[in-house]
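What follows is the content of entry.txt, which has compact mmCIF, C-alpha atoms:
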# COMPACT_ATOMS: atom_id res chain seq x y z
CA MET A 1 16.88 -36.16 -21.61
CA SER A 2 19.70 -37.77 -19.63
CA GLU A 3 20.28 -37.07 -15.92
CA THR A 4 23.42 -35.11 -16.89
CA ASP A 5 21.42 -32.93 -19.29
CA ALA A 6 18.75 -32.28 -16.64
CA GLN A 7 21.36 -31.14 -14.15
CA ALA A 8 22.65 -28.68 -16.75
CA ASP A 9 19.27 -26.95 -17.11
CA VAL A 10 18.18 -23.79 -15.32
CA THR A 11 14.59 -22.77 -14.72
CA VAL A 12 13.37 -19.26 -15.51
CA VAL A 13 10.06 -17.65 -14.63
CA LEU A 14 8.01 -15.96 -17.37
CA PRO A 15 5.72 -12.93 -16.88
CA ASP A 16 2.59 -15.10 -16.55
CA GLY A 17 4.21 -17.03 -13.70
CA SER A 18 4.92 -20.15 -15.75
CA GLU A 19 8.34 -21.78 -15.64
CA LEU A 20 10.61 -22.73 -18.52
CA ASP A 21 13.67 -24.97 -18.45
CA VAL A 22 16.57 -23.82 -20.63
CA PRO A 23 20.17 -25.01 -20.88
CA ALA A 24 22.67 -23.47 -18.45
CA GLY A 25 24.37 -20.55 -20.16
CA ALA A 26 21.24 -19.65 -22.14
CA THR A 27 20.70 -15.98 -22.95
CA VAL A 28 17.57 -13.84 -22.96
CA GLU A 29 17.40 -14.33 -26.72
CA ASP A 30 17.65 -18.12 -26.28
CA VAL A 31 14.70 -17.97 -23.86
CA ALA A 32 12.71 -16.03 -26.45
CA PHE A 33 13.41 -18.65 -29.13
CA GLU A 34 12.35 -21.38 -26.70
CA ILE A 35 9.03 -19.58 -26.31
CA GLY A 36 8.64 -19.19 -30.06
CA PRO A 37 10.73 -18.54 -33.21
CA GLY A 38 8.85 -15.34 -34.01
CA LEU A 39 9.48 -13.90 -30.56
CA GLY A 40 13.12 -14.91 -30.83
CA ARG A 41 13.52 -13.02 -34.11
CA ASP A 42 11.76 -9.95 -32.67
CA THR A 43 13.80 -9.81 -29.47
CA VAL A 44 15.57 -6.49 -28.98
CA ALA A 45 16.51 -6.78 -25.31
CA GLY A 46 15.20 -8.30 -22.11
CA LYS A 47 14.64 -7.82 -18.42
CA ILE A 48 16.17 -10.11 -15.83
CA ASP A 49 14.62 -9.68 -12.38
CA GLY A 50 13.34 -6.28 -13.48
CA GLU A 51 16.66 -4.99 -14.85
CA LEU A 52 16.88 -4.02 -18.52
CA VAL A 53 19.68 -5.99 -20.20
CA GLU A 54 20.96 -6.78 -23.67
CA LYS A 55 19.51 -9.82 -25.38
CA HIS A 56 22.84 -11.63 -25.09
CA ALA A 57 22.73 -11.47 -21.27
CA GLU A 58 22.94 -14.89 -19.61
CA VAL A 59 20.01 -15.96 -17.47
CA HIS A 60 20.35 -17.65 -14.09
CA ASP A 61 18.32 -20.24 -12.28
CA GLY A 62 15.11 -18.76 -10.88
CA ALA A 63 15.42 -15.55 -12.93
CA ARG A 64 12.23 -13.68 -13.76
CA ILE A 65 12.44 -12.98 -17.50
CA GLU A 66 10.66 -10.49 -19.74
CA ILE A 67 11.31 -10.23 -23.48
CA VAL A 68 11.57 -6.73 -24.96
CA THR A 69 10.46 -6.22 -28.57
CA ASP A 70 9.69 -3.09 -30.55
CA GLN A 71 6.17 -3.30 -29.10
CA SER A 72 7.36 -3.12 -25.48
CA ASP A 73 7.28 -0.05 -23.26
CA GLU A 74 11.03 -0.43 -22.74
CA TYR A 75 11.77 -0.27 -26.46
CA LEU A 76 11.94 3.53 -26.46
CA THR A 77 14.60 3.39 -23.74
CA VAL A 78 16.70 1.02 -25.86
CA LEU A 79 16.22 3.19 -28.94
CA ARG A 80 17.30 6.31 -27.04
CA HIS A 81 20.40 4.55 -25.78
CA SER A 82 21.31 3.92 -29.41
CA ALA A 83 20.52 7.56 -30.22
CA ALA A 84 23.11 8.59 -27.62
CA HIS A 85 25.67 6.54 -29.57
CA VAL A 86 24.53 8.18 -32.81
CA PHE A 87 25.18 11.56 -31.20
CA ALA A 88 28.62 10.48 -29.97
CA GLN A 89 29.62 9.17 -33.39
CA ALA A 90 28.40 12.37 -35.07
CA LEU A 91 30.26 14.49 -32.54
CA GLN A 92 33.53 12.68 -33.10
CA ARG A 93 33.13 12.89 -36.87
CA LEU A 94 32.98 16.68 -36.54
CA HIS A 95 35.25 17.02 -33.49
CA PRO A 96 37.71 14.10 -33.39
CA GLU A 97 39.35 15.66 -30.33
CA ALA A 98 36.22 15.14 -28.21
CA THR A 99 36.61 12.72 -25.29
CA LEU A 100 33.55 10.59 -24.47
CA THR A 101 32.53 9.63 -20.94
CA ILE A 102 28.99 8.25 -20.44
CA GLY A 103 25.78 8.59 -22.44
CA PRO A 104 22.71 6.92 -20.90
CA PRO A 105 19.04 7.07 -21.90
CA THR A 106 16.64 9.03 -19.70
CA ASP A 107 12.88 9.18 -19.24
CA GLU A 108 12.70 12.04 -21.73
CA GLY A 109 15.53 11.13 -24.12
CA PHE A 110 19.26 10.82 -23.54
CA TYR A 111 22.37 12.78 -22.70
CA TYR A 112 26.08 12.35 -23.30
CA ASP A 113 28.84 13.86 -21.16
CA VAL A 114 31.95 14.86 -23.12
CA THR A 115 35.09 16.91 -22.65
CA ASP A 116 38.06 18.32 -24.59
CA VAL A 117 35.67 20.07 -26.96
CA ASP A 118 34.08 23.51 -26.71
CA LEU A 119 30.35 23.24 -27.47
CA ASP A 120 27.44 25.63 -27.19
CA GLU A 121 23.89 25.80 -28.54
CA ASP A 122 25.13 27.10 -31.90
CA ASP A 123 26.99 23.83 -32.53
CA LEU A 124 23.94 21.59 -32.18
CA ASP A 125 22.51 22.05 -35.68
CA ALA A 126 25.69 20.78 -37.37
CA ILE A 127 25.90 17.77 -35.03
CA GLU A 128 22.23 17.03 -35.54
CA ALA A 129 22.68 17.12 -39.33
CA GLU A 130 25.49 14.58 -39.00
CA MET A 131 23.25 12.42 -36.81
CA ASP A 132 20.58 12.50 -39.53
CA GLU A 133 23.13 11.15 -42.02
CA ILE A 134 24.09 8.32 -39.66
CA ILE A 135 20.44 7.44 -39.12
CA ALA A 136 19.72 7.54 -42.86
CA ALA A 137 22.70 5.28 -43.56
CA ASP A 138 21.09 2.60 -41.35
CA TYR A 139 24.39 1.16 -40.12
CA ASP A 140 24.22 -2.20 -38.35
CA ILE A 141 24.83 -1.88 -34.59
CA GLU A 142 27.00 -4.86 -33.70
CA ARG A 143 28.04 -6.19 -30.33
CA GLU A 144 31.77 -6.79 -29.88
CA VAL A 145 33.38 -8.64 -26.98
CA ARG A 146 36.93 -7.77 -25.93
CA SER A 147 39.14 -8.50 -22.96
CA ARG A 148 39.29 -5.84 -20.31
CA GLU A 149 43.01 -5.42 -21.00
CA GLU A 150 42.31 -4.76 -24.69
CA ALA A 151 39.70 -2.19 -23.68
CA LYS A 152 42.27 -0.46 -21.44
CA GLU A 153 44.64 -0.21 -24.39
CA ILE A 154 41.88 1.29 -26.57
CA TYR A 155 41.14 3.88 -23.88
CA ALA A 156 44.70 4.53 -22.77
CA ASP A 157 44.11 8.27 -23.27
CA ASN A 158 40.59 8.37 -21.79
CA GLU A 159 40.75 8.53 -17.98
CA TYR A 160 36.96 8.35 -17.66
CA LYS A 161 36.55 5.09 -19.58
CA LEU A 162 39.55 3.68 -17.71
CA GLN A 163 37.83 4.48 -14.42
CA ILE A 164 34.71 2.67 -15.61
CA LEU A 165 36.82 -0.34 -16.58
CA GLU A 166 38.56 -0.33 -13.19
CA GLU A 167 35.52 0.23 -10.99
CA GLU A 168 32.52 -1.16 -12.84
CA ALA A 169 33.69 -3.93 -15.16
CA ASP A 170 33.51 -7.06 -13.00
CA ASP A 171 34.31 -9.59 -15.72
CA GLU A 172 37.49 -10.11 -17.66
CA GLU A 173 35.56 -9.52 -20.87
CA VAL A 174 33.68 -6.31 -21.70
CA THR A 175 31.39 -5.32 -24.55
CA PHE A 176 31.58 -2.61 -27.17
CA TYR A 177 28.89 -1.62 -29.64
CA VAL A 178 30.12 -0.84 -33.16
CA GLN A 179 28.48 1.06 -36.03
CA ASP A 180 30.30 1.86 -39.27
CA GLY A 181 33.66 1.19 -37.60
CA TRP A 182 32.97 3.59 -34.71
CA ARG A 183 32.77 1.90 -31.32
CA ASP A 184 31.93 2.73 -27.73
CA LEU A 185 32.35 0.80 -24.50
CA CYS A 186 28.84 -0.15 -23.45
CA GLN A 187 26.77 -2.88 -21.79
CA GLY A 188 23.81 -2.16 -24.07
CA PRO A 189 21.09 -2.90 -24.91
CA HIS A 190 20.75 -1.35 -28.37
CA VAL A 191 18.52 -1.60 -31.41
CA GLU A 192 19.72 -3.53 -34.45
CA SER A 193 20.69 -0.55 -36.63
CA THR A 194 21.00 3.23 -36.57
CA GLY A 195 18.02 3.49 -38.93
CA GLU A 196 15.72 2.18 -36.20
CA VAL A 197 16.31 5.40 -34.28
CA GLY A 198 13.99 7.03 -36.79
CA ALA A 199 14.30 10.64 -35.67
CA ALA A 200 16.46 12.45 -33.12
CA THR A 201 17.09 16.01 -32.05
CA LEU A 202 19.46 17.79 -29.69
CA LEU A 203 17.88 20.03 -27.07
CA GLU A 204 20.46 21.85 -24.99
CA VAL A 205 24.00 22.05 -23.67
CA SER A 206 24.87 22.35 -19.99
CA ALA A 207 27.69 21.66 -17.56
CA ALA A 208 27.85 18.54 -15.41
CA TYR A 209 30.24 17.05 -12.89
CA TRP A 210 31.82 13.69 -13.65
CA ARG A 211 29.74 11.13 -11.75
CA GLY A 212 27.67 13.98 -10.30
CA ASP A 213 30.38 14.85 -7.77
CA GLU A 214 31.25 18.55 -7.53
CA ASP A 215 34.80 17.60 -6.54
CA ASN A 216 35.29 15.94 -9.94
CA ASP A 217 35.96 17.42 -13.37
CA THR A 218 33.35 19.64 -15.01
CA LEU A 219 32.15 18.14 -18.30
CA THR A 220 29.90 19.30 -21.13
CA ARG A 221 26.52 17.57 -21.16
CA VAL A 222 24.46 17.50 -24.36
CA TYR A 223 20.79 16.57 -24.02
CA GLY A 224 18.70 15.10 -26.81
CA THR A 225 15.70 12.95 -27.47
CA ALA A 226 14.73 10.36 -30.06
CA PHE A 227 11.73 8.44 -31.38
CA ASP A 228 11.12 5.78 -33.98
CA SER A 229 9.47 8.25 -36.37
CA GLU A 230 9.52 11.93 -37.32
CA SER A 231 5.82 12.28 -36.49
CA ALA A 232 6.34 10.96 -32.95
CA LEU A 233 9.27 13.32 -32.46
CA GLU A 234 7.30 16.32 -33.75
CA GLU A 235 4.39 15.51 -31.43
CA HIS A 236 6.76 15.29 -28.47
CA LEU A 237 8.43 18.61 -29.31
CA GLU A 238 5.04 20.32 -29.58
CA LEU A 239 4.03 19.01 -26.16
CA ARG A 240 7.39 20.06 -24.77
CA GLU A 241 6.95 23.58 -26.11
CA GLU A 242 3.50 23.77 -24.52
CA ALA A 243 4.95 22.57 -21.21
CA LEU A 244 7.68 25.22 -21.38
CA GLU A 245 5.00 27.88 -21.85
CA ARG A 246 3.33 26.60 -18.67
CA ASP A 247 6.61 26.33 -16.76
CA HIS A 248 6.13 27.84 -13.31
CA ARG A 249 9.60 29.40 -13.44
CA LYS A 250 8.75 31.25 -16.64
CA ILE A 251 5.32 32.32 -15.37
CA GLY A 252 6.81 33.33 -12.02
CA GLN A 253 9.22 35.71 -13.75
CA GLU A 254 6.63 37.12 -16.13
CA MET A 255 4.11 37.81 -13.34
CA ASN A 256 6.68 38.94 -10.77
CA LEU A 257 5.55 36.19 -8.40
CA PHE A 258 8.92 35.04 -7.15
CA SER A 259 12.64 34.88 -7.80
CA ILE A 260 15.28 32.29 -6.95
CA PRO A 261 18.62 34.09 -6.60
CA THR A 262 21.84 32.22 -6.02
CA VAL A 263 21.86 33.17 -2.34
CA THR A 264 18.78 30.99 -1.74
CA GLY A 265 19.30 28.04 -4.09
CA PRO A 266 17.05 25.68 -6.10
CA GLY A 267 13.58 25.23 -4.61
CA LEU A 268 13.97 28.20 -2.23
CA PRO A 269 12.02 31.06 -3.79
CA LEU A 270 11.72 34.64 -2.59
CA TYR A 271 8.03 35.50 -2.92
CA HIS A 272 7.38 39.02 -4.20
CA PRO A 273 4.18 40.89 -3.19
CA PRO A 274 2.08 39.40 -6.05
CA GLY A 275 3.39 35.92 -5.20
CA LYS A 276 2.61 36.37 -1.50
CA THR A 277 -0.90 37.42 -2.45
CA VAL A 278 -1.37 34.13 -4.34
CA LEU A 279 0.07 32.18 -1.38
CA ARG A 280 -2.23 33.95 1.08
CA GLU A 281 -5.31 33.23 -1.05
CA LEU A 282 -4.33 29.56 -1.36
CA SER A 283 -3.63 29.32 2.36
CA ASP A 284 -6.98 30.92 3.27
CA PHE A 285 -8.79 28.56 0.90
CA ALA A 286 -7.03 25.48 2.33
CA ASN A 287 -7.59 26.60 5.93
CA GLU A 288 -11.31 27.09 5.30
CA LEU A 289 -11.59 23.61 3.77
CA ASN A 290 -9.76 22.13 6.78
CA ARG A 291 -12.12 23.81 9.24
CA GLU A 292 -15.17 22.69 7.28
CA HIS A 293 -13.97 19.10 7.65
CA GLY A 294 -13.40 19.30 11.39
CA TYR A 295 -9.68 20.06 11.55
CA GLU A 296 -8.42 22.40 14.25
CA GLU A 297 -5.47 24.69 13.58
CA VAL A 298 -2.30 24.28 15.66
CA GLU A 299 1.24 25.63 15.48
CA THR A 300 4.43 23.70 16.24
CA PRO A 301 8.08 24.81 16.25
CA HIS A 302 10.30 24.24 13.25
CA VAL A 303 13.04 22.67 15.42
CA PHE A 304 12.72 19.81 17.92
CA ARG A 305 15.16 17.78 19.97
CA THR A 306 16.12 14.79 17.85
CA GLU A 307 14.60 12.54 20.52
CA LEU A 308 11.26 13.13 18.73
CA TRP A 309 12.69 12.31 15.29
CA LYS A 310 14.25 9.12 16.66
CA GLN A 311 10.89 8.10 18.07
CA SER A 312 9.08 8.85 14.81
CA GLY A 313 11.70 7.05 12.68
CA HIS A 314 12.71 10.12 10.69
CA TYR A 315 16.15 10.27 12.29
CA GLU A 316 17.14 6.74 11.33
CA ASN A 317 15.89 7.08 7.75
CA TYR A 318 16.67 10.72 6.91
CA LYS A 319 19.38 11.99 9.27
CA ASP A 320 21.84 12.46 6.38
CA ASP A 321 19.42 14.92 4.78
CA MET A 322 18.12 16.60 7.95
CA PHE A 323 19.51 19.89 9.17
CA LEU A 324 20.97 19.00 12.60
CA LEU A 325 22.51 21.36 15.12
CA ASP A 326 23.91 21.20 18.65
CA VAL A 327 22.54 23.56 21.29
CA ASN A 328 24.05 23.35 24.80
CA ASP A 329 25.33 19.85 24.03
CA GLU A 330 21.89 18.68 22.89
CA GLU A 331 21.09 17.69 19.32
CA TYR A 332 18.20 19.40 17.55
CA GLY A 333 16.80 18.80 14.08
CA LEU A 334 14.74 20.87 11.63
CA LYS A 335 11.35 19.20 11.27
CA PRO A 336 10.91 17.18 8.06
CA MET A 337 7.13 17.21 8.57
CA ASN A 338 4.46 18.35 11.01
CA CYS A 339 2.91 15.03 12.04
CA PRO A 340 5.22 14.15 15.00
CA GLY A 341 4.59 17.57 16.53
CA HIS A 342 0.85 17.12 16.13
CA ALA A 343 1.06 13.64 17.66
CA THR A 344 2.91 15.21 20.62
CA ILE A 345 0.04 17.68 21.13
CA PHE A 346 -2.41 14.78 21.07
CA ASP A 347 -0.27 12.93 23.64
CA GLN A 348 -0.46 15.78 26.17
CA GLN A 349 -3.79 14.53 27.59
CA SER A 350 -5.97 11.47 27.89
CA TRP A 351 -8.85 11.01 25.49
CA SER A 352 -12.10 9.13 25.61
CA TYR A 353 -13.19 7.29 22.50
CA ARG A 354 -16.10 9.77 22.47
CA ASP A 355 -13.56 12.54 21.80
CA LEU A 356 -12.16 10.87 18.71
CA PRO A 357 -11.31 11.56 16.00
CA GLN A 358 -9.09 14.55 16.73
CA ARG A 359 -7.99 16.34 13.57
CA TYR A 360 -5.20 18.92 13.46
CA PHE A 361 -3.84 21.03 10.67
CA GLU A 362 -0.92 23.39 10.34
CA ASN A 363 -0.54 25.47 7.21
CA LEU A 364 -1.18 22.86 4.45
CA SER A 365 -0.30 19.74 6.49
CA LEU A 366 -2.90 17.45 8.00
CA ILE A 367 -2.97 14.73 10.64
CA HIS A 368 -5.94 12.54 11.45
CA ILE A 369 -5.76 10.63 14.75
CA SER A 370 -8.63 8.29 15.47

Just dump the structure as structure tokens.
Amino acid sequence: MSETDAQADVTVVLPDGSELDVPAGATVEDVAFEIGPGLGRDTVAGKIDGELVEKHAEVHDGARIEIVTDQSDEYLTVLRHSAAHVFAQALQRLHPEATLTIGPPTDEGFYYDVTDVDLDEDDLDAIEAEMDEIIAADYDIEREVRSREEAKEIYADNEYKLQILEEEADDEEVTFYVQDGWRDLCQGPHVESTGEVGAATLLEVSAAYWRGDEDNDTLTRVYGTAFDSESALEEHLELREEALERDHRKIGQEMNLFSIPTVTGPGLPLYHPPGKTVLRELSDFANELNREHGYEEVETPHVFRTELWKQSGHYENYKDDMFLLDVNDEEYGLKPMNCPGHATIFDQQSWSYRDLPQRYFENLSLIHIS
């Protein structure tokens, strides 16, 4: 290798810590082929410094590289991303007027946010049937590179994709993924063909704000999930049904334990008499365990001057999410946890090492000072 060639190489780090020299401009797939032809052929995607990327992504010097195949944990994420595209293609086959925004994979499946189309739960079966046809057809999923200006022309009537192109597309070239002539702006990664999706189903329809901002447009969000086989999908749906039967919100309603009306908000239940009975029993049980283990019960106020939260570090890290209020020109904050108040009790007197440890509890919170 000449000195010029050596200067053109970059070094990447593999999962076992070993290093590999590859030519500058090499992609994740090129790295895989350098490791071995079989791995190169099996490459679906990759991870660069922990971030999931398409296999055509260029590596940089010092990058930590992982190769994603259909045996990798990340493969299901890639497959579900492709399933979101299958949904979008099926939707636009049935409703050409639909405007697409974003459709990412999630831990449980995928969703796609759309607008300009009126959808409810009754529409899902027809869309799902169209998805099944697209999966059965096993269309190749092909990567297409276009200039950003070309992409803007394609999406001249789609303000959401235009915003993505303006705010998130850093390069002058962007990528589309194409299946059977249908395309969507996307960075990937995706599986090789729609048939690899195996099995997909749509779960529910809800409303969502564009980019999660309540000041933005309200869109229609369709949730779904996908697996590489019908059997895996059926197993997941059975487990999901069992989980729904155990859902605390469902049980809470059935047993009259609590309610969450709009005046309280998510996570702020009103406990009914049966629910308060359960809470009291749990509290008595926890208090007895605390006493058995040497904890003494204390009580601290729910609001402190923010001087305490600054000292504890909560103010600096959580002030945007803390409830703060001014009283007589002094700033107070609702306590995010009990520990600083307990530490303040401990600090009210001097202790001998013979007195330690001192253990305090308040409701279900514990502090152990030793």

Original post:
In Å, how far is it from atom CA of Val53 of chain A to atom CA of Leu91 of chain A?
Top reply: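 Separation of atom CA of Val53 of chain A and atom CA of Leu91 of chain A: 26.1 Å.
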
Counting all atoms listed in the file, which residues in segment 181-276 of chain A sit no more than 10 Å from segment 143-159 of chain A? For each one, give the nearest pair of atoms and the distance in Å, sorted by chain then residue number, as JSON lines.
{"residue": "A:Arg183", "atom": "CA", "partner": "A:Glu144", "partner_atom": "CA", "distance": 8.9}
{"residue": "A:Asp184", "atom": "CA", "partner": "A:Glu144", "partner_atom": "CA", "distance": 9.8}
{"residue": "A:Leu185", "atom": "CA", "partner": "A:Ala151", "partner_atom": "CA", "distance": 8.0}
{"residue": "A:Cys186", "atom": "CA", "partner": "A:Arg143", "partner_atom": "CA", "distance": 9.2}
{"residue": "A:Gln187", "atom": "CA", "partner": "A:Arg143", "partner_atom": "CA", "distance": 9.2}
{"residue": "A:Gly188", "atom": "CA", "partner": "A:Arg143", "partner_atom": "CA", "distance": 8.6}
{"residue": "A:Pro189", "atom": "CA", "partner": "A:Arg143", "partner_atom": "CA", "distance": 9.4}
{"residue": "A:His190", "atom": "CA", "partner": "A:Arg143", "partner_atom": "CA", "distance": 9.0}
{"residue": "A:Glu192", "atom": "CA", "partner": "A:Arg143", "partner_atom": "CA", "distance": 9.7}

**OP:** Could you pull out every residue with an atom within 12 Å of (21.6, 5.1, -44.5), file coordinates, counting all atoms listed in the file, and send them as a PyMOL selection string?
**Re:** chain A and resi 130-140+179-180+193-198

Original post:
Pick from A:Asp355, A:Glu108, A:Asp326, A:Glu214: nearest to Leu79 of chain A, with all atoms listed in the file counted?
Top reply: A:Glu108

**OP:** To one decimal in Å, tell me the separation between atom CA of Thr11 of chain A and atom CA of Pro23 of chain A.
**Re:**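 So the two atoms, atom CA of Thr11 of chain A and atom CA of Pro23 of chain A, lie 8.6 Å apart.
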
Original post:
In Å to one decimal, how far is atom CA of Thr300 of chain A from atom CA of Thr344 of chain A?
Top reply: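 Between atom CA of Thr344 of chain A and atom CA of Thr300 of chain A the gap works out to 9.7 Å.
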
Subject >> Nearest to Leu308 of chain A, chosen from A:Gly46, A:Gly341, A:Gly36, A:Gly181, with only C-alpha atoms counted in the distances >> reply: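 Answer, going by the shortest atom-to-atom distance: A:Gly341.
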
Original post:
Between A:Asn338, A:Asn317, A:Thr264, A:Ser283, which one has atoms that come closest to Glu299 of chain A, using only C-alpha atoms?
Top reply: A:Asn338

Original post:
segment 24-33 of chain A: which residues within 10 Å, counting all atoms listed in the file, same-chain residues fewer than 6 positions away excluded, as a VMD selection string?
Top reply: chain A and resid 5 to 12 14 39 to 48 53 to 61 65 to 68

Original post:
Skipping near chain neighbours, those fewer than 4 positions away, what residues fall within 12 Å of Asp321 of chain A using all atoms listed in the file, listed as a ChimeraX atom specification?
Top reply: /A:314-317,333-336

Original post:
Around (-14.9, 15.9, 11.0) in the file's frame, which residues reach within 8 Å when counting only C-alpha atoms? Return as a list in words?
Top reply: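 Taken together, the residues in range are Glu292, His293, Gly294, Tyr295, Pro357 and Arg359 of chain A.
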
**OP:** Considering all atoms listed in the file, return as a PyMOL selection string whatever protein or nucleic-acid residues lie within 9 Å of Leu124 of chain A, sequence-local ones (same chain, fewer than 3 positions apart) excluded.
**Re:** chain A and resi 119-121+127-129+201-205+222

**OP:** Point out the residue among A:Leu356, A:Val191, A:Cys339, A:Ile35 with the least atom-to-atom distance to Thr77 of chain A, counting only C-alpha atoms.
**Re:**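 Nearest candidate to Thr77 of chain A out of A:Leu356, A:Val191, A:Cys339, A:Ile35: A:Val191.
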
Write only all heavy atoms for segment 87-94 of chain A from the block just shown, as a PDB file, in the first residue's frame.
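Just written: result24.pdb:
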ATOM      1  N   PHE A  87     -47.768   0.365   5.286  1.00  0.00           N
ATOM      2  CA  PHE A  87     -49.035   1.001   5.660  1.00  0.00           C
ATOM      3  C   PHE A  87     -49.290   2.249   4.821  1.00  0.00           C
ATOM      4  O   PHE A  87     -50.395   2.442   4.289  1.00  0.00           O
ATOM      5  CB  PHE A  87     -49.038   1.389   7.140  1.00  0.00           C
ATOM      6  CG  PHE A  87     -50.054   2.455   7.444  1.00  0.00           C
ATOM      7  CD1 PHE A  87     -51.397   2.142   7.522  1.00  0.00           C
ATOM      8  CD2 PHE A  87     -49.660   3.783   7.597  1.00  0.00           C
ATOM      9  CE1 PHE A  87     -52.344   3.136   7.765  1.00  0.00           C
ATOM     10  CE2 PHE A  87     -50.599   4.781   7.836  1.00  0.00           C
ATOM     11  CZ  PHE A  87     -51.942   4.461   7.919  1.00  0.00           C
ATOM     12  N   ALA A  88     -48.268   3.107   4.695  1.00  0.00           N
ATOM     13  CA  ALA A  88     -48.455   4.372   3.978  1.00  0.00           C
ATOM     14  C   ALA A  88     -48.792   4.132   2.510  1.00  0.00           C
ATOM     15  O   ALA A  88     -49.647   4.820   1.930  1.00  0.00           O
ATOM     16  CB  ALA A  88     -47.203   5.232   4.111  1.00  0.00           C
ATOM     17  N   GLN A  89     -48.137   3.145   1.896  1.00  0.00           N
ATOM     18  CA  GLN A  89     -48.447   2.824   0.507  1.00  0.00           C
ATOM     19  C   GLN A  89     -49.878   2.295   0.387  1.00  0.00           C
ATOM     20  O   GLN A  89     -50.625   2.704  -0.513  1.00  0.00           O
ATOM     21  CB  GLN A  89     -47.464   1.783  -0.037  1.00  0.00           C
ATOM     22  CG  GLN A  89     -47.727   1.447  -1.504  1.00  0.00           C
ATOM     23  CD  GLN A  89     -46.842   0.332  -2.032  1.00  0.00           C
ATOM     24  OE1 GLN A  89     -46.128  -0.319  -1.269  1.00  0.00           O
ATOM     25  NE2 GLN A  89     -46.879   0.104  -3.343  1.00  0.00           N
ATOM     26  N   ALA A  90     -50.274   1.410   1.304  1.00  0.00           N
ATOM     27  CA  ALA A  90     -51.635   0.869   1.278  1.00  0.00           C
ATOM     28  C   ALA A  90     -52.655   1.981   1.477  1.00  0.00           C
ATOM     29  O   ALA A  90     -53.691   2.021   0.799  1.00  0.00           O
ATOM     30  CB  ALA A  90     -51.783  -0.195   2.361  1.00  0.00           C
ATOM     31  N   LEU A  91     -52.376   2.888   2.391  1.00  0.00           N
ATOM     32  CA  LEU A  91     -53.299   3.992   2.649  1.00  0.00           C
ATOM     33  C   LEU A  91     -53.495   4.836   1.396  1.00  0.00           C
ATOM     34  O   LEU A  91     -54.633   5.173   1.026  1.00  0.00           O
ATOM     35  CB  LEU A  91     -52.757   4.861   3.784  1.00  0.00           C
ATOM     36  CG  LEU A  91     -53.563   6.131   4.085  1.00  0.00           C
ATOM     37  CD1 LEU A  91     -54.918   5.769   4.670  1.00  0.00           C
ATOM     38  CD2 LEU A  91     -52.780   7.048   5.023  1.00  0.00           C
ATOM     39  N   GLN A  92     -52.383   5.166   0.726  1.00  0.00           N
ATOM     40  CA  GLN A  92     -52.508   6.027  -0.443  1.00  0.00           C
ATOM     41  C   GLN A  92     -53.085   5.290  -1.648  1.00  0.00           C
ATOM     42  O   GLN A  92     -53.612   5.934  -2.553  1.00  0.00           O
ATOM     43  CB  GLN A  92     -51.152   6.655  -0.775  1.00  0.00           C
ATOM     44  CG  GLN A  92     -50.717   7.681   0.267  1.00  0.00           C
ATOM     45  CD  GLN A  92     -49.618   8.587  -0.212  1.00  0.00           C
ATOM     46  OE1 GLN A  92     -48.609   8.140  -0.765  1.00  0.00           O
ATOM     47  NE2 GLN A  92     -49.790   9.891   0.003  1.00  0.00           N
ATOM     48  N   ARG A  93     -53.003   3.974  -1.683  1.00  0.00           N
ATOM     49  CA  ARG A  93     -53.707   3.235  -2.720  1.00  0.00           C
ATOM     50  C   ARG A  93     -55.220   3.401  -2.559  1.00  0.00           C
ATOM     51  O   ARG A  93     -55.947   3.573  -3.531  1.00  0.00           O
ATOM     52  CB  ARG A  93     -53.351   1.744  -2.640  1.00  0.00           C
ATOM     53  CG  ARG A  93     -52.044   1.351  -3.302  1.00  0.00           C
ATOM     54  CD  ARG A  93     -51.880  -0.157  -3.236  1.00  0.00           C
ATOM     55  NE  ARG A  93     -50.702  -0.630  -3.963  1.00  0.00           N
ATOM     56  CZ  ARG A  93     -50.380  -1.908  -4.102  1.00  0.00           C
ATOM     57  NH1 ARG A  93     -51.166  -2.845  -3.551  1.00  0.00           N
ATOM     58  NH2 ARG A  93     -49.305  -2.272  -4.770  1.00  0.00           N
ATOM     59  N   LEU A  94     -55.672   3.344  -1.293  1.00  0.00           N
ATOM     60  CA  LEU A  94     -57.106   3.439  -1.011  1.00  0.00           C
ATOM     61  C   LEU A  94     -57.587   4.876  -0.886  1.00  0.00           C
ATOM     62  O   LEU A  94     -58.742   5.177  -1.182  1.00  0.00           O
ATOM     63  CB  LEU A  94     -57.433   2.672   0.273  1.00  0.00           C
ATOM     64  CG  LEU A  94     -57.148   1.172   0.262  1.00  0.00           C
ATOM     65  CD1 LEU A  94     -57.426   0.577   1.634  1.00  0.00           C
ATOM     66  CD2 LEU A  94     -57.980   0.462  -0.799  1.00  0.00           C
TER      67      LEU A  94
END
